file upload.csv (CSV, C-alpha atoms)
chain,number,residue,atom,x,y,z
A,159,MET,CA,-55.0,-36.5,9.0
A,160,SER,CA,-57.9,-38.3,10.5
A,161,SER,CA,-57.5,-42.1,11.1
A,162,SER,CA,-60.8,-42.8,9.3
A,163,THR,CA,-60.4,-45.0,6.2
A,164,ALA,CA,-62.5,-42.6,4.2
A,165,SER,CA,-60.0,-39.8,4.7
A,166,TRP,CA,-57.2,-41.5,2.7
A,167,THR,CA,-57.2,-41.2,-1.0
A,168,ASP,CA,-55.4,-43.8,-3.2
A,169,ALA,CA,-52.8,-41.1,-3.9
A,170,GLN,CA,-52.1,-40.4,-0.2
A,171,LEU,CA,-51.8,-44.2,0.5
A,172,ALA,CA,-49.4,-44.6,-2.4
A,173,GLU,CA,-47.2,-41.7,-1.1
A,174,ARG,CA,-46.5,-43.7,2.1
A,175,PHE,CA,-44.5,-46.2,0.1
A,176,ILE,CA,-40.8,-45.6,0.9
A,177,PRO,CA,-38.7,-47.5,-1.8
A,178,PHE,CA,-35.1,-47.8,-0.8
A,179,SER,CA,-34.2,-46.2,-4.1
A,180,SER,CA,-36.0,-43.0,-3.0
A,181,LEU,CA,-33.9,-42.5,0.1
A,182,ARG,CA,-31.7,-39.5,0.3
A,183,TYR,CA,-28.9,-39.1,2.9
A,184,SER,CA,-26.7,-36.6,4.7
A,185,THR,CA,-23.0,-37.0,5.1
A,186,GLU,CA,-22.9,-34.2,7.7
A,187,ALA,CA,-25.7,-35.3,10.0
A,188,PHE,CA,-23.4,-35.3,13.0
A,189,MET,CA,-20.4,-33.4,14.2
A,190,ASP,CA,-18.0,-36.3,13.8
A,191,TYR,CA,-17.8,-36.1,10.0
A,192,ARG,CA,-14.3,-34.6,10.0
A,193,ILE,CA,-12.8,-36.9,12.6
A,194,PRO,CA,-10.3,-39.2,10.9
A,195,GLY,CA,-11.8,-42.7,10.4
A,196,CYS,CA,-15.4,-41.5,11.0
A,197,ALA,CA,-16.3,-40.6,7.5
A,198,PRO,CA,-17.8,-41.0,5.0
A,199,LYS,CA,-21.1,-42.0,6.6
A,200,GLN,CA,-24.5,-41.8,4.9
A,201,ASN,CA,-27.3,-41.1,7.4
A,202,TYR,CA,-30.9,-41.6,6.4
A,203,ALA,CA,-34.2,-40.6,8.0
A,204,LEU,CA,-37.2,-42.6,6.9
A,205,ILE,CA,-39.7,-41.7,9.6
A,206,GLY,CA,-39.0,-38.5,11.5
A,207,SER,CA,-35.6,-36.7,11.6
A,208,GLY,CA,-34.2,-38.9,14.3
A,209,VAL,CA,-31.2,-37.3,16.1
A,210,SER,CA,-29.6,-35.7,13.1
A,211,GLN,CA,-27.9,-32.4,13.9
A,212,SER,CA,-28.1,-31.2,10.3
A,213,PRO,CA,-31.0,-28.9,9.3
A,214,LYS,CA,-30.4,-30.3,5.8
A,215,GLN,CA,-31.1,-33.9,6.7
A,216,PRO,CA,-33.6,-35.3,4.1
A,217,VAL,CA,-36.6,-37.0,5.7
A,218,SER,CA,-38.9,-39.4,3.8
A,219,LEU,CA,-41.9,-39.0,6.1
A,220,ARG,CA,-42.2,-36.4,8.9
A,221,GLU,CA,-45.5,-37.6,10.3
A,222,LYS,CA,-45.3,-38.6,14.0
A,223,HIS,CA,-45.4,-42.3,14.6
A,224,GLY,CA,-44.4,-42.5,18.3
A,225,PHE,CA,-41.0,-43.8,17.2
A,226,GLN,CA,-38.6,-42.9,14.4
A,227,VAL,CA,-36.9,-45.0,11.7
A,228,GLY,CA,-33.5,-44.1,10.2
A,229,GLY,CA,-30.6,-45.9,8.6
A,230,VAL,CA,-26.8,-45.7,8.3
A,231,MET,CA,-24.5,-46.8,5.4
A,232,MET,CA,-20.8,-47.0,6.3
A,233,PRO,CA,-17.9,-48.2,4.2
A,234,ALA,CA,-15.6,-50.9,5.5
A,235,GLY,CA,-13.5,-49.7,8.5
A,236,VAL,CA,-15.5,-46.5,9.2
A,237,ILE,CA,-16.3,-45.8,12.9
A,238,ASN,CA,-19.2,-44.2,14.6
A,239,PRO,CA,-17.6,-42.7,17.8
A,240,PRO,CA,-18.9,-42.9,21.4
A,241,HIS,CA,-22.3,-41.1,22.1
A,242,MET,CA,-25.5,-41.8,24.0
A,243,HIS,CA,-29.2,-41.4,23.6
A,244,PHE,CA,-32.0,-40.7,26.0
A,245,THR,CA,-34.6,-42.9,24.4
A,246,ALA,CA,-34.4,-46.4,22.9
A,247,GLU,CA,-32.0,-47.1,20.1
A,248,VAL,CA,-32.3,-50.3,18.1
A,249,PHE,CA,-30.1,-51.4,15.3
A,250,ILE,CA,-31.4,-53.8,12.6
A,251,CYS,CA,-28.5,-55.1,10.6
A,252,THR,CA,-29.3,-55.8,6.9
A,253,GLN,CA,-25.9,-55.8,5.3
A,254,GLY,CA,-22.3,-56.2,6.4
A,255,GLN,CA,-20.5,-57.1,9.6
A,256,TRP,CA,-20.7,-54.7,12.5
A,257,HIS,CA,-18.7,-54.4,15.7
A,258,PHE,CA,-20.4,-52.6,18.7
A,259,ASN,CA,-18.7,-51.3,21.8
A,260,TRP,CA,-20.1,-49.7,24.9
A,261,GLY,CA,-19.2,-48.5,28.4
A,262,PHE,CA,-16.0,-46.5,28.2
A,263,ASN,CA,-15.8,-46.0,32.0
A,264,PRO,CA,-12.9,-46.9,31.8
A,265,ASP,CA,-13.2,-50.1,29.7
A,266,HIS,CA,-15.5,-50.9,26.9
A,267,HIS,CA,-17.2,-54.1,26.0
A,268,THR,CA,-18.0,-55.5,22.5
A,269,ALA,CA,-20.5,-57.4,20.5
A,270,ASP,CA,-20.9,-58.2,16.8
A,271,LEU,CA,-23.9,-58.1,14.5
A,272,SER,CA,-24.5,-59.9,11.2
A,273,PRO,CA,-27.4,-59.5,8.7
A,274,GLY,CA,-30.7,-60.1,10.3
A,275,ASP,CA,-29.4,-59.5,13.8
A,276,ILE,CA,-31.1,-56.9,16.0
A,277,CYS,CA,-29.5,-55.1,18.9
A,278,SER,CA,-31.3,-52.8,21.5
A,279,VAL,CA,-28.8,-50.6,23.2
A,280,PRO,CA,-29.9,-49.4,26.6
A,281,THR,CA,-30.5,-45.7,27.2
A,282,TRP,CA,-27.9,-43.6,29.1
A,283,ILE,CA,-24.9,-45.6,28.2
A,284,TYR,CA,-22.2,-44.6,25.8
A,285,ARG,CA,-21.9,-46.7,22.6
A,286,GLY,CA,-20.1,-46.7,19.3
A,287,PHE,CA,-19.9,-49.0,16.3
A,288,GLN,CA,-17.8,-49.9,13.3
A,289,ASN,CA,-18.2,-51.6,10.0
A,290,VAL,CA,-15.7,-54.5,10.3
A,291,GLY,CA,-16.7,-56.1,7.0
A,292,THR,CA,-15.0,-55.8,3.7
A,293,THR,CA,-17.8,-54.0,1.9
A,294,ASP,CA,-20.3,-51.3,2.6
A,295,GLY,CA,-22.6,-52.1,5.5
A,296,PHE,CA,-26.2,-50.9,6.2
A,297,MET,CA,-28.3,-50.9,9.3
A,298,PHE,CA,-31.8,-49.6,9.9
A,299,THR,CA,-32.3,-47.8,13.3
A,300,ALA,CA,-35.4,-47.3,15.4
A,301,LEU,CA,-35.5,-44.6,18.0
A,302,GLY,CA,-38.1,-44.3,20.8
A,303,GLY,CA,-40.4,-41.3,20.9
A,304,ASP,CA,-41.4,-38.5,18.6
A,305,ASP,CA,-38.9,-36.3,20.5
A,306,THR,CA,-35.7,-38.2,21.2
A,307,GLY,CA,-34.0,-35.5,23.2
A,308,GLY,CA,-31.1,-35.4,20.9
A,309,ILE,CA,-27.7,-37.0,21.2
A,310,LEU,CA,-24.9,-36.6,23.9
A,311,TRP,CA,-21.4,-37.0,22.6
A,312,ALA,CA,-18.6,-38.5,24.7
A,313,PRO,CA,-15.9,-36.1,25.9
A,314,GLN,CA,-13.3,-37.7,23.7
A,315,THR,CA,-15.6,-37.4,20.6
A,316,LEU,CA,-16.2,-33.7,21.2
A,317,LYS,CA,-12.4,-33.2,21.7
A,318,ALA,CA,-11.5,-35.0,18.6
A,319,ALA,CA,-14.0,-33.0,16.5
A,320,ALA,CA,-12.7,-29.7,17.9
A,321,GLU,CA,-9.1,-30.7,17.1
A,322,ASN,CA,-10.3,-31.2,13.5
A,323,GLY,CA,-12.1,-27.9,13.3
A,324,VAL,CA,-15.7,-28.8,14.1
A,325,HIS,CA,-17.4,-27.4,17.2
A,326,LEU,CA,-20.8,-28.1,18.7
A,327,THR,CA,-22.7,-25.4,20.5
A,328,ASP,CA,-24.9,-25.9,23.5
A,329,ASP,CA,-28.0,-25.5,21.3
A,330,TYR,CA,-26.5,-28.3,19.0
A,331,GLN,CA,-25.4,-26.0,16.2
A,332,ILE,CA,-22.4,-27.3,14.2
A,333,ILE,CA,-19.6,-24.8,13.6
A,334,ASP,CA,-17.2,-25.9,10.9
A,335,GLU,CA,-13.9,-24.0,10.5
A,336,HIS,CA,-13.3,-25.7,7.1
A,337,LEU,CA,-16.4,-23.9,5.8
A,338,GLY,CA,-15.0,-20.5,6.9
A,339,GLN,CA,-17.2,-20.5,10.1
A,340,HIS,CA,-15.8,-19.2,13.4
A,341,PHE,CA,-16.6,-20.3,16.9
A,342,ASP,CA,-17.1,-17.1,18.8
A,343,GLU,CA,-16.2,-17.8,22.4
A,344,ALA,CA,-17.8,-14.5,23.5
A,345,SER,CA,-21.2,-15.1,22.0
A,346,ARG,CA,-21.5,-18.9,21.9
A,347,ARG,CA,-21.2,-21.7,24.5
A,348,ARG,CA,-19.9,-25.1,23.8
A,349,LEU,CA,-21.8,-28.2,24.5
A,350,GLU,CA,-20.5,-29.3,27.9
A,351,PRO,CA,-19.6,-33.0,28.0
A,352,MET,CA,-20.2,-35.2,31.0
A,353,GLU,CA,-17.5,-35.1,33.6
A,354,GLN,CA,-15.6,-38.3,34.4
A,355,GLY,CA,-17.3,-38.6,37.8
A,356,GLU,CA,-20.7,-38.5,36.1
A,357,ILE,CA,-19.6,-41.1,33.5
A,358,ASP,CA,-18.4,-43.3,36.3
A,359,ARG,CA,-21.9,-43.3,37.9
A,360,LEU,CA,-23.6,-44.5,34.8
A,361,ARG,CA,-24.9,-48.1,34.9
A,362,GLN,CA,-22.5,-50.6,33.4
A,363,PHE,CA,-23.8,-53.4,31.3
A,364,SER,CA,-21.7,-56.6,31.2
A,365,PRO,CA,-21.2,-58.6,27.9
A,366,GLN,CA,-23.6,-61.2,29.4
A,367,GLU,CA,-26.3,-58.6,29.9
A,368,MET,CA,-25.8,-57.1,26.5
A,369,ALA,CA,-26.0,-60.5,24.9
A,370,GLN,CA,-29.6,-60.7,26.1
A,371,ARG,CA,-30.3,-57.5,24.1
A,372,VAL,CA,-29.0,-59.0,20.8
A,373,VAL,CA,-31.5,-61.1,18.9
A,374,ARG,CA,-29.9,-63.3,16.3
A,375,PHE,CA,-31.9,-64.0,13.1
A,376,ALA,CA,-30.8,-67.6,13.3
A,377,ASP,CA,-32.3,-67.9,16.8
A,378,LEU,CA,-35.7,-66.4,16.1
A,379,LYS,CA,-38.7,-68.3,17.7
A,380,TRP,CA,-41.2,-68.5,14.9
A,381,SER,CA,-44.8,-69.3,15.6
A,382,GLY,CA,-47.3,-70.6,13.0
A,383,GLN,CA,-50.2,-69.9,15.4
A,384,ALA,CA,-49.5,-66.2,16.0
A,385,LEU,CA,-52.2,-64.9,13.6
A,386,LEU,CA,-55.9,-65.9,13.6
A,387,ASP,CA,-55.7,-66.7,9.9
A,388,SER,CA,-52.5,-68.7,10.0
A,389,THR,CA,-54.1,-72.1,9.7
A,390,LEU,CA,-56.5,-71.0,6.9
A,391,PRO,CA,-55.9,-72.2,3.4
A,392,GLY,CA,-53.5,-70.0,1.5
A,393,CYS,CA,-52.2,-68.1,4.5
A,394,ASP,CA,-49.5,-69.9,6.7
A,395,ALA,CA,-47.7,-66.8,7.9
A,396,GLN,CA,-45.5,-66.9,10.9
A,397,LEU,CA,-44.4,-64.3,13.5
A,398,ALA,CA,-41.2,-64.0,15.6
A,399,PRO,CA,-41.2,-61.4,18.3
A,400,VAL,CA,-38.1,-59.4,19.0
A,401,ILE,CA,-38.9,-56.4,21.2
A,402,GLY,CA,-42.0,-55.7,23.4
A,403,LEU,CA,-45.6,-56.6,23.1
A,404,GLY,CA,-46.6,-56.6,19.4
A,405,ILE,CA,-49.4,-58.1,17.4
A,406,SER,CA,-48.9,-61.8,18.1
A,407,GLU,CA,-52.0,-63.7,19.1
A,408,ASP,CA,-50.1,-66.7,20.3
A,409,ARG,CA,-50.4,-66.7,24.1
A,410,ASN,CA,-47.1,-68.5,24.4
A,411,HIS,CA,-45.1,-65.9,22.5
A,412,GLN,CA,-42.6,-63.9,24.5
A,413,ALA,CA,-40.2,-61.3,23.1
A,414,PRO,CA,-36.6,-61.8,24.0
A,415,ILE,CA,-36.3,-58.1,24.8
A,416,ALA,CA,-39.2,-57.2,27.0
A,417,ASN,CA,-38.5,-53.7,28.5
A,418,ALA,CA,-40.4,-50.7,27.4
A,419,HIS,CA,-39.1,-49.0,24.2
A,420,GLY,CA,-42.2,-47.1,23.1
A,421,PHE,CA,-42.6,-49.5,20.2
A,422,SER,CA,-42.5,-53.2,19.4
A,423,ILE,CA,-40.5,-55.1,16.7
A,424,GLU,CA,-41.5,-58.5,15.2
A,425,TRP,CA,-40.5,-60.4,12.1
A,426,LEU,CA,-43.2,-61.6,9.8
A,427,LYS,CA,-42.6,-64.6,7.4
A,428,ILE,CA,-45.0,-65.4,4.6
A,429,PRO,CA,-44.3,-68.5,2.5
A,430,ALA,CA,-44.4,-68.4,-1.3
A,431,GLY,CA,-48.0,-68.1,-2.3
A,432,GLY,CA,-49.1,-67.3,1.2
A,433,SER,CA,-50.8,-64.2,2.7
A,434,VAL,CA,-51.9,-62.4,5.8
A,435,SER,CA,-55.7,-61.8,5.4
A,436,MET,CA,-57.6,-58.6,5.5
A,437,HIS,CA,-57.2,-56.9,8.9
A,438,LYS,CA,-56.5,-53.6,10.5
A,439,LEU,CA,-54.8,-52.0,13.6
A,440,ALA,CA,-55.8,-49.0,15.6
A,441,VAL,CA,-52.2,-47.7,15.4
A,442,ARG,CA,-49.7,-47.0,12.7
A,443,GLN,CA,-47.2,-49.6,11.6
A,444,VAL,CA,-44.0,-49.5,9.5
A,445,LEU,CA,-43.3,-52.6,7.4
A,446,THR,CA,-39.8,-53.1,5.9
A,447,CYS,CA,-39.1,-55.9,3.4
A,448,TYR,CA,-35.9,-57.8,4.5
A,449,GLN,CA,-36.1,-60.8,2.2
A,450,GLY,CA,-38.1,-61.6,-0.9
A,451,SER,CA,-41.1,-59.3,-1.9
A,452,ALA,CA,-44.7,-58.8,-0.8
A,453,GLU,CA,-47.7,-57.1,-2.2
A,454,ILE,CA,-49.5,-54.9,0.3
A,455,SER,CA,-53.1,-54.0,-0.4
A,456,ILE,CA,-54.5,-51.1,1.5
A,457,SER,CA,-58.2,-50.3,1.3
A,458,ASN,CA,-59.8,-46.9,1.8
A,459,THR,CA,-63.3,-48.4,2.0
A,460,ASP,CA,-65.3,-49.7,4.9
A,461,ILE,CA,-65.4,-53.4,5.8
A,462,ALA,CA,-68.6,-54.2,4.0
A,463,GLN,CA,-67.1,-53.0,0.8
A,464,VAL,CA,-63.9,-54.8,1.5
A,465,ASN,CA,-65.7,-58.1,1.8
A,466,ARG,CA,-68.0,-57.5,-1.1
A,467,ALA,CA,-65.6,-56.1,-3.7
A,468,PRO,CA,-62.0,-55.3,-2.6
A,469,THR,CA,-60.8,-52.0,-4.0
A,470,ALA,CA,-57.3,-51.3,-2.7
A,471,THR,CA,-54.1,-49.4,-3.3
A,472,LYS,CA,-51.5,-52.0,-4.1
A,473,VAL,CA,-47.8,-51.5,-3.2
A,474,ILE,CA,-45.0,-53.9,-3.9
A,475,VAL,CA,-42.2,-53.9,-1.3
A,476,ASN,CA,-39.1,-55.6,-2.5
A,477,SER,CA,-35.7,-56.5,-1.2
A,478,THR,CA,-32.3,-57.2,-2.8
A,479,PRO,CA,-29.0,-58.0,-1.2
A,480,SER,CA,-28.5,-54.2,-0.8
A,481,THR,CA,-32.0,-52.6,-0.8
A,482,TRP,CA,-35.0,-52.9,1.4
A,483,ASP,CA,-38.3,-51.1,0.7
A,484,SER,CA,-40.6,-49.8,3.5
A,485,TYR,CA,-44.3,-48.9,3.8
A,486,ALA,CA,-45.7,-46.6,6.5
A,487,MET,CA,-49.1,-48.0,7.2
A,488,PRO,CA,-51.7,-45.6,8.5
A,489,ALA,CA,-53.9,-46.5,11.5
A,490,ASP,CA,-57.4,-47.9,11.0
A,491,VAL,CA,-57.1,-49.0,7.4
A,492,TRP,CA,-57.8,-52.4,6.1
A,493,ARG,CA,-54.9,-54.2,4.7
A,494,CYS,CA,-53.6,-57.6,3.5
A,495,VAL,CA,-50.1,-58.8,2.7
A,496,GLU,CA,-49.5,-61.4,0.0
A,497,ASN,CA,-46.3,-63.2,-1.2
A,498,LYS,CA,-46.7,-63.7,-4.9
A,499,GLY,CA,-43.0,-64.7,-5.3
A,500,ASP,CA,-41.4,-68.1,-5.2
A,501,VAL,CA,-39.3,-67.7,-1.9
A,502,ASP,CA,-40.3,-66.7,1.6
A,503,ALA,CA,-41.1,-63.1,2.1
A,504,VAL,CA,-39.7,-61.7,5.4
A,505,LEU,CA,-40.8,-58.3,6.7
A,506,LEU,CA,-39.9,-56.4,9.8
A,507,LEU,CA,-42.9,-54.9,11.6
A,508,MET,CA,-42.4,-51.8,13.8
A,509,THR,CA,-45.5,-50.8,15.8
A,510,PRO,CA,-45.8,-48.0,18.3
A,511,GLY,CA,-46.8,-48.5,22.0
A,512,ASP,CA,-45.6,-50.6,24.8
A,513,GLY,CA,-48.9,-52.5,25.2
A,514,ARG,CA,-50.3,-55.3,23.0
A,515,LYS,CA,-51.8,-54.2,19.7
A,516,ALA,CA,-55.1,-55.9,19.0
A,517,ILE,CA,-55.7,-57.0,15.4
A,518,THR,CA,-59.2,-56.5,14.0
A,519,TRP,CA,-59.8,-59.2,11.5
A,520,SER,CA,-62.4,-58.9,8.7
A,521,PRO,CA,-65.6,-60.8,9.4
A,522,ASP,CA,-65.0,-63.4,6.7
A,523,VAL,CA,-61.7,-64.3,8.4
A,524,VAL,CA,-63.4,-64.6,11.8
A,525,ALA,CA,-66.0,-66.8,10.3
A,526,ALA,CA,-63.5,-69.0,8.5
A,527,ALA,CA,-61.5,-69.4,11.7
A,528,ALA,CA,-64.6,-70.3,13.6
A,529,ALA,CA,-65.4,-72.9,11.0
A,530,SER,CA,-62.0,-74.4,11.6
A,531,GLY,CA,-62.6,-74.4,15.3
A,532,LEU,CA,-60.7,-71.3,16.4
A,533,ALA,CA,-61.7,-68.0,18.0
A,534,MET,CA,-60.2,-65.2,20.1
A,535,ASP,CA,-60.5,-65.6,23.8
A,536,ALA,CA,-61.3,-62.8,26.2
A,537,ASN,CA,-57.6,-62.0,26.6
A,538,GLY,CA,-57.1,-61.5,22.8
A,539,TYR,CA,-55.3,-64.8,22.1
A,540,ILE,CA,-56.2,-67.7,19.7
A,541,ALA,CA,-58.0,-70.5,21.4
A,542,LEU,CA,-60.3,-73.5,20.6
A,543,LYS,CA,-63.7,-72.0,19.8
A,544,LYS,CA,-65.6,-74.7,21.7
A,545,PHE,CA,-64.0,-73.5,25.0
A,546,VAL,CA,-64.4,-69.9,24.2
A,547,ASP,CA,-68.1,-70.4,23.4
A,548,ARG,CA,-68.6,-72.5,26.5
A,549,SER,CA,-67.2,-69.9,28.8
A,550,GLN,CA,-69.5,-67.2,27.4
A,551,ARG,CA,-72.8,-69.1,28.0
call {"tool": "encode", "arguments": {"input": "upload.csv", "output": "structure tokens"}}
result
Amino acid sequence: MSSSTASWTDAQLAERFIPFSSLRYSTEAFMDYRIPGCAPKQNYALIGSGVSQSPKQPVSLREKHGFQVGGVMMPAGVINPPHMHFTAEVFICTQGQWHFNWGFNPDHHTADLSPGDICSVPTWIYRGFQNVGTTDGFMFTALGGDDTGGILWAPQTLKAAAENGVHLTDDYQIIDEHLGQHFDEASRRRLEPMEQGEIDRLRQFSPQEMAQRVVRFADLKWSGQALLDSTLPGCDAQLAPVIGLGISEDRNHQAPIANAHGFSIEWLKIPAGGSVSMHKLAVRQVLTCYQGSAEISISNTDIAQVNRAPTATKVIVNSTPSTWDSYAMPADVWRCVENKGDVDAVLLLMTPGDGRKAITWSPDVVAAAAASGLAMDANGYIALKKFVDRSQR
């Protein structure tokens, strides 16, 4: 699919809406599903198939985004056992109380997440997690890359699975004795786990280091000057960076987690009655509604038509205490986001790439900002227009 706005029909734009109610899950996405205490788990794939080891994993949208978005629902007490990834893995807690542990060589460390908290687990370290709340818990997950390289299970996890009749081949095929399948030692090879010496040589992250990779919702640094239209009447949106270089146009904004992930994550907050004006990005973007609701208008026309007579596909993304809708925004389409509710709308923005993503604002927004004395400087940040103009004489 071309990135040209003219190539998207209203029907195609509407199909990119991923309501939470539409999500389908697999309870056998990974080879731990018969280990006592590790099931049931509901594994979701919103964008890409992630690291699921099941060929039957339902996927909402297979289109490559440069990163992948999934989710996991686990009842109280259920455990996800030790494993590791080769690309970034980020957990976005939306429901429940979660206990993370990592390391395992020989000791593990722990951290806890509550709703709104985000944790970025480093690559090449073993990690596990558990729902320690009293009800079902849900987390969204973001994985770096269109090809994650799969998943490497800890030796104790592979051993526990085999003891319960589930084996993993070296080409990541699951053999389940409970389904009448047989692991043929003569024709198949088991996935070889890391040796203890190899595990011992992995980097160890202290609790203090990992604490720097957990961004608490209560500690977010919101900026009301992160978008060119923020000070315009009827706008008033704020951004809070979490990971990497995103779309913020506030030169003083710094994400708490700065290392390369292949994508950025930011929170967007729009007050009741507020909006983010018509703009576009040269890259895709996934928007997930965490609180409240928002109306997203996506135009498949050129900018002259947008300014003259907006014709747009409108999608309402909602949230409840246990559901969170998403929209997979194409690249190079004009869009605006409005909060027509009576409480703040809070959306999670996931955008591919490790560099800054430049927003292209519609000409009327640029003109209105200029009338209020603001413009974009040569580095792509909001500045006083009088100084920007003076420097360009």
call {"tool": "atom_distance", "arguments": {"input": "upload.csv", "atom1": "CA of Gly206 (chain A)", "atom2": "CA of Val491 (chain A)"}}
result
21.3 Å
call {"tool": "residues_around", "arguments": {"input": "upload.csv", "residues": "region 442-457 of chain A", "least_positions_apart": "4", "cutoff": "8 Å", "atoms": "all atoms listed in the file", "output": "ChimeraX atom specification"}}
result
/A:163,171,223,252,464,468-478,482-499,501-510
call {"tool": "atom_distance", "arguments": {"input": "upload.csv", "atom1": "CA of Gly402 (chain A)", "atom2": "CA of Leu310 (chain A)"}}
result
25.6 Å
call {"tool": "atom_distance", "arguments": {"input": "upload.csv", "atom1": "CA of Tyr330 (chain A)", "atom2": "CA of Asp304 (chain A)"}}
result
18.1 Å
call {"tool": "closest_residue", "arguments": {"input": "upload.csv", "among": "A:Leu181, A:Val279, A:Ile193, A:Val546", "to": "His325 (chain A)", "atoms": "only C-alpha atoms"}}
result
A:Ile193
call {"tool": "residues_around", "arguments": {"input": "upload.csv", "residues": "Glu321 (chain A)", "least_positions_apart": "6", "cutoff": "12 Å", "atoms": "only C-alpha atoms", "output": "list in words"}}
result
Met189, Asp190, Arg192, Ile193, Pro194, Gln314, Thr315, Asp334, Glu335 and His336 of chain A
call {"tool": "closest_residue", "arguments": {"input": "upload.csv", "among": "A:Arg374, A:His419, A:Lys214, A:Arg220", "to": "Val248 (chain A)", "atoms": "all atoms listed in the file"}}
result
A:His419
call {"tool": "closest_residue", "arguments": {"input": "upload.csv", "among": "A:Gly531, A:Asp522, A:Ser480, A:Ala413", "to": "Ser179 (chain A)", "atoms": "all atoms listed in the file"}}
result
A:Ser480
call {"tool": "closest_residue", "arguments": {"input": "upload.csv", "among": "A:Trp282, A:Trp260, A:Tyr191, A:Phe298", "to": "Leu204 (chain A)", "atoms": "all atoms listed in the file"}}
result
A:Phe298
call {"tool": "build_atoms", "arguments": {"input": "upload.csv", "residues": "region 486-501 of chain A", "atoms": "N, CA and C atoms", "output": "tab-separated table (two decimals), keeping the file's coordinate frame"}}
result
chain	number	residue	atom	x	y	z
A	486	ALA	N	-45.17	-47.13	5.27
A	486	ALA	CA	-45.70	-46.60	6.50
A	486	ALA	C	-47.20	-46.69	6.54
A	487	MET	N	-47.70	-47.72	7.19
A	487	MET	CA	-49.10	-48.00	7.20
A	487	MET	C	-49.88	-47.06	8.13
A	488	PRO	N	-50.94	-46.40	7.64
A	488	PRO	CA	-51.70	-45.60	8.50
A	488	PRO	C	-52.50	-46.42	9.54
A	489	ALA	N	-53.03	-45.78	10.56
A	489	ALA	CA	-53.90	-46.50	11.50
A	489	ALA	C	-55.28	-46.65	10.91
A	490	ASP	N	-55.94	-47.70	11.36
A	490	ASP	CA	-57.40	-47.90	11.00
A	490	ASP	C	-57.67	-48.05	9.57
A	491	VAL	N	-56.76	-48.66	8.81
A	491	VAL	CA	-57.10	-49.00	7.40
A	491	VAL	C	-56.99	-50.49	7.25
A	492	TRP	N	-57.86	-51.02	6.42
A	492	TRP	CA	-57.80	-52.40	6.10
A	492	TRP	C	-56.69	-52.75	5.19
A	493	ARG	N	-55.98	-53.83	5.48
A	493	ARG	CA	-54.90	-54.20	4.70
A	493	ARG	C	-54.69	-55.73	4.65
A	494	CYS	N	-54.09	-56.23	3.57
A	494	CYS	CA	-53.60	-57.60	3.50
A	494	CYS	C	-52.27	-57.63	2.89
A	495	VAL	N	-51.50	-58.67	3.17
A	495	VAL	CA	-50.10	-58.80	2.70
A	495	VAL	C	-50.01	-60.14	1.99
A	496	GLU	N	-49.57	-60.15	0.73
A	496	GLU	CA	-49.50	-61.40	0.00
A	496	GLU	C	-48.06	-61.57	-0.57
A	497	ASN	N	-47.63	-62.81	-0.57
A	497	ASN	CA	-46.30	-63.20	-1.20
A	497	ASN	C	-46.64	-63.88	-2.49
A	498	LYS	N	-46.43	-63.17	-3.58
A	498	LYS	CA	-46.70	-63.70	-4.90
A	498	LYS	C	-45.38	-64.24	-5.55
A	499	GLY	N	-44.30	-64.24	-4.77
A	499	GLY	CA	-43.00	-64.70	-5.30
A	499	GLY	C	-42.86	-66.20	-5.06
A	500	ASP	N	-41.64	-66.69	-5.29
A	500	ASP	CA	-41.40	-68.10	-5.20
A	500	ASP	C	-40.42	-68.45	-4.01
A	501	VAL	N	-40.12	-67.45	-3.15
A	501	VAL	CA	-39.30	-67.70	-1.90
A	501	VAL	C	-40.06	-67.00	-0.77
